[in-house]
Structures are given as C-alpha cells and as structure tokens.
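What follows is coords-v9.cif (mmCIF, C-alpha atoms).
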```
data_final
#
loop_
_atom_site.label_atom_id
_atom_site.label_comp_id
_atom_site.auth_asym_id
_atom_site.auth_seq_id
_atom_site.Cartn_x
_atom_site.Cartn_y
_atom_site.Cartn_z
CA MET A 79 40.01 -279.76 9.25
CA GLN A 80 37.64 -277.25 10.82
CA ARG A 81 36.44 -274.64 8.35
CA PRO A 82 36.84 -270.96 9.25
CA HIS A 83 33.76 -269.31 10.67
CA PRO A 84 32.13 -267.20 7.92
CA ASP A 85 31.62 -263.49 8.31
CA PRO A 86 28.15 -262.48 9.54
CA PRO A 87 25.75 -261.10 6.92
CA ASP A 88 25.05 -257.40 6.76
CA SER A 89 21.35 -256.88 7.49
CA SER A 90 21.27 -253.60 5.57
CA THR A 91 23.01 -254.56 2.33
CA GLY A 92 23.06 -258.35 2.39
CA GLN A 93 26.86 -258.31 2.22
CA HIS A 94 29.23 -259.80 4.75
CA VAL A 95 30.81 -257.60 7.37
CA PRO A 96 34.12 -258.96 8.68
CA GLU A 97 34.37 -259.34 12.43
CA LEU A 98 37.17 -257.43 14.09
CA ASP A 99 38.60 -260.51 15.73
CA ASP A 100 37.65 -263.25 13.29
CA THR A 101 40.80 -265.36 12.86
CA PRO A 102 40.90 -268.91 11.53
CA GLU A 103 43.19 -269.96 14.38
CA ARG A 104 40.48 -269.65 17.04
CA THR A 105 39.00 -272.77 18.55
CA GLY A 106 35.32 -273.55 18.94
CA LEU A 107 35.31 -272.40 22.57
CA ALA A 108 36.86 -269.06 21.64
CA ARG A 109 34.14 -268.51 19.07
CA ARG A 110 31.41 -269.45 21.53
CA LEU A 111 32.80 -266.83 23.91
CA ASP A 112 32.41 -264.07 21.32
CA LYS A 113 28.93 -262.96 22.40
CA PRO A 114 29.53 -263.09 26.19
CA MET A 115 32.89 -261.35 25.89
CA GLY A 116 31.35 -258.77 23.59
CA ALA A 117 28.66 -257.99 26.17
CA LEU A 118 31.28 -257.72 28.92
CA GLY A 119 33.31 -255.38 26.74
CA LEU A 120 30.40 -252.97 26.48
CA VAL A 121 29.78 -253.23 30.23
CA PHE A 122 33.46 -252.40 30.77
CA VAL A 123 33.00 -249.13 28.87
CA LEU A 124 30.24 -248.12 31.29
CA VAL A 125 32.28 -249.20 34.32
CA VAL A 126 35.24 -247.04 33.26
CA LEU A 127 32.84 -244.13 32.70
CA GLY A 128 31.36 -244.67 36.16
CA GLN A 129 34.82 -244.66 37.73
CA SER A 130 35.50 -241.25 36.20
CA LEU A 131 32.25 -239.79 37.54
CA ALA A 132 31.81 -241.55 40.89
CA ARG A 133 32.17 -239.37 43.96
CA GLN A 134 30.90 -241.62 46.76
CA PRO A 135 33.67 -243.81 48.24
CA TRP A 136 31.53 -246.96 48.27
CA LEU A 137 30.59 -246.51 44.59
CA THR A 138 34.19 -245.86 43.60
CA THR A 139 35.28 -249.01 45.43
CA THR A 140 32.49 -251.10 43.91
CA LEU A 141 33.23 -249.98 40.39
CA GLY A 142 36.93 -250.53 40.97
CA VAL A 143 36.31 -254.12 42.04
CA VAL A 144 34.01 -254.74 39.08
CA GLY A 145 36.59 -253.26 36.74
CA TRP A 146 39.35 -255.54 38.07
CA VAL A 147 37.08 -258.59 37.81
CA LEU A 148 36.27 -257.76 34.19
CA TRP A 149 39.95 -257.16 33.50
CA ALA A 150 40.78 -260.60 34.94
CA VAL A 151 38.14 -262.17 32.67
CA PHE A 152 39.64 -260.43 29.64
CA VAL A 153 43.12 -261.65 30.58
CA ALA A 154 41.87 -265.22 31.01
CA GLU A 155 40.10 -265.12 27.65
CA PHE A 156 43.21 -263.74 25.94
CA VAL A 157 45.45 -266.37 27.52
CA HIS A 158 43.04 -269.10 26.40
CA ARG A 159 43.11 -267.82 22.83
CA ALA A 160 46.89 -267.54 22.91
CA VAL A 161 47.38 -271.07 24.25
CA THR A 162 44.89 -272.72 21.90
CA ALA A 163 45.81 -270.76 18.74
CA ARG A 164 46.76 -273.14 15.94
CA ASP A 165 49.14 -270.64 14.39
CA GLN A 166 51.08 -268.98 17.22
CA ARG A 167 53.06 -266.66 14.98
CA ARG A 168 49.97 -265.32 13.24
CA PHE A 169 48.14 -264.93 16.54
CA TRP A 170 50.84 -262.76 18.09
CA VAL A 171 51.32 -260.72 14.93
CA ARG A 172 47.60 -259.89 14.95
CA ASN A 173 47.09 -259.50 18.71
CA TRP A 174 50.33 -258.21 20.27
CA TRP A 175 48.74 -254.78 20.86
CA GLN A 176 46.17 -256.33 23.19
CA VAL A 177 48.98 -257.11 25.63
CA VAL A 178 49.66 -253.37 25.92
CA PHE A 179 46.03 -252.62 26.78
CA LEU A 180 45.89 -255.49 29.27
CA ALA A 181 49.03 -254.14 30.99
CA VAL A 182 47.69 -250.57 31.31
CA PRO A 183 45.80 -251.13 34.63
CA PHE A 184 49.08 -251.95 36.39
CA LEU A 185 50.16 -248.33 35.90
CA ARG A 186 47.70 -247.44 38.67
CA PHE A 187 50.14 -248.85 41.19
CA ALA A 188 52.83 -246.38 40.13
CA ARG A 189 53.52 -243.37 42.32
CA ALA A 190 54.54 -240.97 39.56
CA LEU A 191 51.79 -238.50 38.70
CA ALA A 192 52.53 -238.76 34.98
CA LEU A 193 52.09 -242.54 35.09
CA LEU A 194 48.85 -242.21 37.02
CA ARG A 195 47.47 -239.86 34.39
CA ALA A 196 48.69 -242.22 31.68
CA ALA A 197 46.86 -245.05 33.44
CA ARG A 198 43.60 -243.10 33.46
CA VAL A 199 43.93 -242.15 29.80
CA GLY A 200 45.02 -245.66 28.90
CA GLY A 201 42.03 -247.10 30.74
CA VAL A 202 39.64 -244.93 28.72
CA VAL A 203 41.33 -245.79 25.41
CA SER A 204 41.46 -249.47 26.31
CA ALA A 205 37.76 -249.49 27.16
CA ALA A 206 36.95 -247.70 23.88
CA VAL A 207 38.93 -250.19 21.80
CA ARG A 208 37.40 -253.16 23.59
CA GLY A 209 33.93 -251.64 23.30
CA SER A 210 34.35 -251.16 19.55
CA ARG A 211 35.52 -254.75 19.12
CA SER A 212 32.65 -255.92 21.29
CA ALA A 213 30.18 -254.15 19.01
CA GLY A 214 31.66 -256.09 16.11
CA ARG A 215 31.12 -259.36 17.97
CA LEU A 216 27.53 -258.63 18.95
CA LEU A 217 26.15 -256.84 15.89
CA SER A 218 26.20 -258.26 12.39
CA GLY A 219 24.48 -255.34 10.60
CA ARG A 220 26.74 -252.56 9.38
CA ILE A 221 24.35 -249.79 10.49
CA GLY A 222 23.89 -251.25 13.97
CA TRP A 223 27.63 -251.77 14.39
CA LEU A 224 28.35 -248.21 13.25
CA GLY A 225 25.79 -246.82 15.69
CA ALA A 226 27.28 -248.76 18.61
CA VAL A 227 30.83 -247.69 17.72
CA THR A 228 29.68 -244.07 17.48
CA VAL A 229 28.25 -244.26 21.01
CA VAL A 230 31.56 -245.71 22.25
CA VAL A 231 33.51 -242.93 20.50
CA VAL A 232 31.31 -240.25 22.08
CA LEU A 233 31.69 -241.74 25.57
CA ALA A 234 35.45 -242.23 25.23
CA THR A 235 36.03 -238.72 23.86
CA SER A 236 33.95 -237.09 26.57
CA GLN A 237 35.81 -239.06 29.25
CA LEU A 238 39.20 -238.02 27.88
CA LEU A 239 38.17 -234.37 27.79
CA TYR A 240 36.82 -234.55 31.33
CA VAL A 241 39.64 -236.61 32.86
CA LEU A 242 42.35 -234.40 31.37
CA GLY A 243 40.66 -231.21 32.56
CA ALA A 244 39.51 -229.74 29.25
CA TYR A 245 36.00 -229.41 30.76
CA ASP A 246 34.95 -228.84 34.35
CA SER A 247 31.56 -230.49 33.78
CA TYR A 248 31.15 -233.96 32.28
CA GLY A 249 27.73 -233.02 30.93
CA THR A 250 29.29 -230.25 28.82
CA ALA A 251 32.06 -232.56 27.66
CA LEU A 252 29.51 -235.21 26.65
CA TYR A 253 27.37 -232.66 24.78
CA ASP A 254 30.30 -231.21 22.84
CA ALA A 255 31.74 -234.66 22.09
CA ALA A 256 28.39 -235.85 20.72
CA LEU A 257 28.02 -232.79 18.47
CA ALA A 258 31.58 -233.09 17.21
CA THR A 259 31.23 -236.81 16.52
CA ILE A 260 27.90 -236.59 14.70
CA SER A 261 28.16 -233.25 12.91
CA GLY A 262 31.87 -232.41 12.96
CA GLN A 263 31.24 -229.21 14.92
CA PRO A 264 34.43 -228.02 16.68
CA LEU A 265 34.74 -228.46 20.42
CA THR A 266 34.32 -225.36 22.56
CA ALA A 267 37.32 -226.26 24.74
CA ASP A 268 40.76 -224.80 24.12
CA GLY A 269 44.09 -226.57 24.11
CA GLY A 270 46.08 -229.03 22.03
CA LEU A 271 43.99 -232.06 23.01
CA ALA A 272 40.77 -230.38 21.87
CA ARG A 273 42.33 -229.43 18.52
CA VAL A 274 43.57 -232.98 17.92
CA LEU A 275 40.18 -234.43 18.83
CA ASP A 276 38.47 -231.87 16.57
CA ILE A 277 40.33 -233.26 13.57
CA ALA A 278 39.81 -236.89 14.59
CA LEU A 279 36.07 -236.47 15.23
CA ALA A 280 35.52 -234.44 12.06
CA THR A 281 37.19 -237.21 10.06
CA TYR A 282 35.07 -239.80 11.84
CA SER A 283 31.83 -237.92 11.15
CA VAL A 284 32.67 -237.78 7.43
CA ALA A 285 33.36 -241.53 7.45
CA VAL A 286 30.05 -242.19 9.24
CA PHE A 287 27.99 -240.25 6.71
CA ALA A 288 29.87 -241.81 3.81
CA THR A 289 29.12 -245.27 5.19
CA LEU A 290 25.45 -244.41 5.74
CA ALA A 291 25.16 -243.01 2.23
CA GLY A 292 26.75 -246.14 0.77
CA ALA A 293 24.47 -248.43 2.77
CA LEU A 294 21.33 -246.51 1.77
CA GLY A 295 22.42 -246.42 -1.87
CA ALA A 296 23.03 -250.17 -1.87
CA PHE A 297 19.64 -250.76 -0.23
CA PHE A 298 17.68 -248.77 -2.83
CA LEU A 299 19.71 -250.24 -5.69
CA GLU A 300 18.98 -253.75 -4.47
CA ARG A 301 15.30 -252.90 -4.04
CA ARG A 302 15.12 -251.46 -7.54
CA THR A 303 16.80 -254.57 -8.95
CA ASP A 304 14.33 -256.83 -7.15
CA ASP A 305 11.38 -254.86 -8.54
CA ASP A 306 12.71 -254.86 -12.11
CA PRO A 307 13.03 -258.36 -13.61
CA ALA A 308 14.99 -257.05 -16.61
CA ALA A 309 17.54 -255.34 -14.35
CA ARG A 310 17.80 -258.45 -12.21
CA GLU A 311 18.55 -260.61 -15.25
CA ALA A 312 21.12 -258.10 -16.47
#
```

Let's see the structure in the file written out as structure tokens.
Amino acid sequence: MQRPHPDPPDSSTGQHVPELDDTPERTGLARRLDKPMGALGLVFVLVVLGQSLARQPWLTTTLGVVGWVLWAVFVAEFVHRAVTARDQRRFWVRNWWQVVFLAVPFLRFARALALLRAARVGGVVSAAVRGSRSAGRLLSGRIGWLGAVTVVVVLATSQLLYVLGAYDSYGTALYDAALATISGQPLTADGGLARVLDIALATYSVAVFATLAGALGAFFLERRTDDDPAAREA
C-alpha cells in the first residue's frame, strides 16, 4: 500500500508544516500536480485583481478569458481528485466547500444586481482561499508561507474594499489594507464592512507576530542547544 506523503520540513524551525490539502487519499498524479496547481492558484489571484482594475475593453476581455481557462483547469483537477480518491466519503467531507467556490463564477450569468455583486465578492474570496492553499503547496518554510499568505490577504482585502465601494481609489484601499494587516491599524473607511475587516485584520496581525515570535524563539533555542553540548545531551 502506498505510504502517505510526509509533511514538508519547516526551513526555519526544522519541524514539519502540514500542507493545506495533504490527504492520504490522493493519487501520485494528484501529488505531482501540487506545484503546478499552486503556481496557477497564485496567478489566479493576480488575474482577479486585474479584472477589478482593468479599464480597457481588450484587457478586460483578455483577463476574463484567462480567468475562465484557469477556472476550467481547477475544475478538471478537482474532478480528477474526486474520481481517483480512495476514500470517497472522507474526500467529500474534507472538500465539499470547494464545490461552492467552483460554482461562484456561474453567478456572473445572473441578471439580478445582488447576485452580480455576490459573484464579484465570491470571486475575490475564492481567489484568496485558492491563493492561500497554493502558498501551502509551493512553500515548505513556515515564514515563507506566512509571508505569501499575508500578501494574499492584503490583496484580497483591498479588492473587497474597492469592489464594494468603501474606497474610490484602489491605491488607497491597498495602502490601508496593508497597514491594517501588518500593524493592526484601523482602516480609514467608514461602514460595516470596514469595521468587520478591522477586527479580522487586527486578529490576523496578532497571529502573524505570534507566529514570527515563536519561530524566532525556536530558532535561537535550537542554535543555543547546538552550541552547548551539555544542553544537547539533556
């Protein structure tokens, strides 16, 4: 029987960091697709951002086509994993939410304004989730993964604020989102969305600094142990 793929080592602490989509049911092909699909997931984040900012018709059309092609690739990869999963029940219990994100683009064909706005918001959230999972596939080090996820969070938050009209300028939305994500500084925008994001980003910034502090502490403790033979034996 094929042994489960081990978690990648953490380059900063020497520990293992679990991948976000590391399930024993995946076949060899699904595992080999991890890196390419991870790269495409990060590209998808940039494509969704470009669609929000594009003003030229040809650029909007191009990015739209690229977005649909990437979406089709994600659907094909998901179907492959679903068909080849050794434990179907466990697969669907762990991955049912991905069906929701894969279905979000179809809301663009709806005529209702509320559904169109939901499609735009859902597209941003879907890209953020996929980008975060992609960072887990591509980066084994905890610090590198955390940095990539932080960039995805900043981009997704700024897009939401801009798409929903909290800011008239994307540059201002990006600047405020970056400050709030890194330092926990409140957003300058008003409204319920900004208040909710203030709390979420402040919580995230605390988690980021706690993780960095833990990683640095583990690094210096390991270095001290390596330099002290008595401590290493103990």

- Between CA of Thr235 in chain A and CA of Gly209 in chain A lies a distance of 13.1 Å

Which residues of range 198-238 of chain A come within 10 Å of range 279-291 of chain A, and what is each one's closest atom pair and distance in Å (one decimal), counting all atoms listed in the file, sorted by chain and residue number, as JSON lines?
```
{"residue": "A:Arg220", "atom": "CA", "partner": "A:Thr289", "partner_atom": "CA", "distance": 8.7}
{"residue": "A:Ile221", "atom": "CA", "partner": "A:Leu290", "partner_atom": "CA", "distance": 7.3}
{"residue": "A:Leu224", "atom": "CA", "partner": "A:Val286", "partner_atom": "CA", "distance": 7.4}
{"residue": "A:Gly225", "atom": "CA", "partner": "A:Val286", "partner_atom": "CA", "distance": 9.0}
{"residue": "A:Thr228", "atom": "CA", "partner": "A:Val286", "partner_atom": "CA", "distance": 8.5}
{"residue": "A:Val231", "atom": "CA", "partner": "A:Leu279", "partner_atom": "CA", "distance": 8.7}
{"residue": "A:Val232", "atom": "CA", "partner": "A:Leu279", "partner_atom": "CA", "distance": 9.2}
{"residue": "A:Thr235", "atom": "CA", "partner": "A:Leu279", "partner_atom": "CA", "distance": 8.9}
```

- Task: Considering all atoms listed in the file, return as JSON, numbers by chain whatever protein or nucleic-acid residues lie within 9 Å of range 141-157 of chain A, sequence-local ones (same chain, fewer than 5 positions apart) excluded.
- Result: {"A": [108, 111, 115, 118, 119, 121, 122, 125, 126, 128, 129, 132, 136, 162, 176, 177, 180, 183]}

Okay, now the selection with C-alpha atoms, as a compact mmCIF listing (two decimals), in the frame of the given file?
```
# COMPACT_ATOMS: atom_id res chain seq x y z
CA ALA A 108 36.86 -269.06 21.64
CA LEU A 111 32.80 -266.83 23.91
CA MET A 115 32.89 -261.35 25.89
CA LEU A 118 31.28 -257.72 28.92
CA GLY A 119 33.31 -255.38 26.74
CA VAL A 121 29.78 -253.23 30.23
CA PHE A 122 33.46 -252.40 30.77
CA VAL A 125 32.28 -249.20 34.32
CA VAL A 126 35.24 -247.04 33.26
CA GLY A 128 31.36 -244.67 36.16
CA GLN A 129 34.82 -244.66 37.73
CA ALA A 132 31.81 -241.55 40.89
CA TRP A 136 31.53 -246.96 48.27
CA THR A 162 44.89 -272.72 21.90
CA GLN A 176 46.17 -256.33 23.19
CA VAL A 177 48.98 -257.11 25.63
CA LEU A 180 45.89 -255.49 29.27
CA PRO A 183 45.80 -251.13 34.63
```

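For the set A:Thr139, A:Ile260, A:Trp223, A:Arg208, the residue with the smallest atom-to-atom gap to Trp175 in chain A is A:Arg208, counting all atoms listed in the file.
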
- Task: Tell me which of A:Ala160, A:Leu107, A:Val229, A:Ala267 sits closest to Ser210 in chain A, counting all atoms listed in the file.
- Result: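 Residue with the minimum atom-to-atom distance to Ser210 in chain A: A:Val229.
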
- Using all atoms listed in the file, which of the listed residues (A:His158, A:Ser130, A:Arg211, A:Thr138) sits closest to Ser236 in chain A?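 Distance minimum relative to Ser236 in chain A lands on A:Ser130.
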
Got a sec to check which residues sit within 12 Å of (32.3, -240.0, 32.6), counting only C-alpha atoms, and write them as a tab-separated table (two decimals) with C-alpha atoms, in the coordinates of the input?
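Saved to result.tsv:
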```tsv
chain	number	residue	atom	x	y	z
A	123	VAL	CA	33.00	-249.13	28.87
A	124	LEU	CA	30.24	-248.12	31.29
A	125	VAL	CA	32.28	-249.20	34.32
A	126	VAL	CA	35.24	-247.04	33.26
A	127	LEU	CA	32.84	-244.13	32.70
A	128	GLY	CA	31.36	-244.67	36.16
A	129	GLN	CA	34.82	-244.66	37.73
A	130	SER	CA	35.50	-241.25	36.20
A	131	LEU	CA	32.25	-239.79	37.54
A	132	ALA	CA	31.81	-241.55	40.89
A	133	ARG	CA	32.17	-239.37	43.96
A	198	ARG	CA	43.60	-243.10	33.46
A	202	VAL	CA	39.64	-244.93	28.72
A	230	VAL	CA	31.56	-245.71	22.25
A	232	VAL	CA	31.31	-240.25	22.08
A	233	LEU	CA	31.69	-241.74	25.57
A	234	ALA	CA	35.45	-242.23	25.23
A	235	THR	CA	36.03	-238.72	23.86
A	236	SER	CA	33.95	-237.09	26.57
A	237	GLN	CA	35.81	-239.06	29.25
A	238	LEU	CA	39.20	-238.02	27.88
A	239	LEU	CA	38.17	-234.37	27.79
A	240	TYR	CA	36.82	-234.55	31.33
A	241	VAL	CA	39.64	-236.61	32.86
A	242	LEU	CA	42.35	-234.40	31.37
A	245	TYR	CA	36.00	-229.41	30.76
A	246	ASP	CA	34.95	-228.84	34.35
A	247	SER	CA	31.56	-230.49	33.78
A	248	TYR	CA	31.15	-233.96	32.28
A	249	GLY	CA	27.73	-233.02	30.93
A	250	THR	CA	29.29	-230.25	28.82
A	251	ALA	CA	32.06	-232.56	27.66
A	252	LEU	CA	29.51	-235.21	26.65
A	253	TYR	CA	27.37	-232.66	24.78
A	255	ALA	CA	31.74	-234.66	22.09
```

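Separating CA of Arg109 in chain A from CA of Ala181 in chain A is a distance of 23.9 Å.
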
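CA of Val203 in chain A to CA of Phe179 in chain A spans 8.4 Å [interatomic distance, one decimal].
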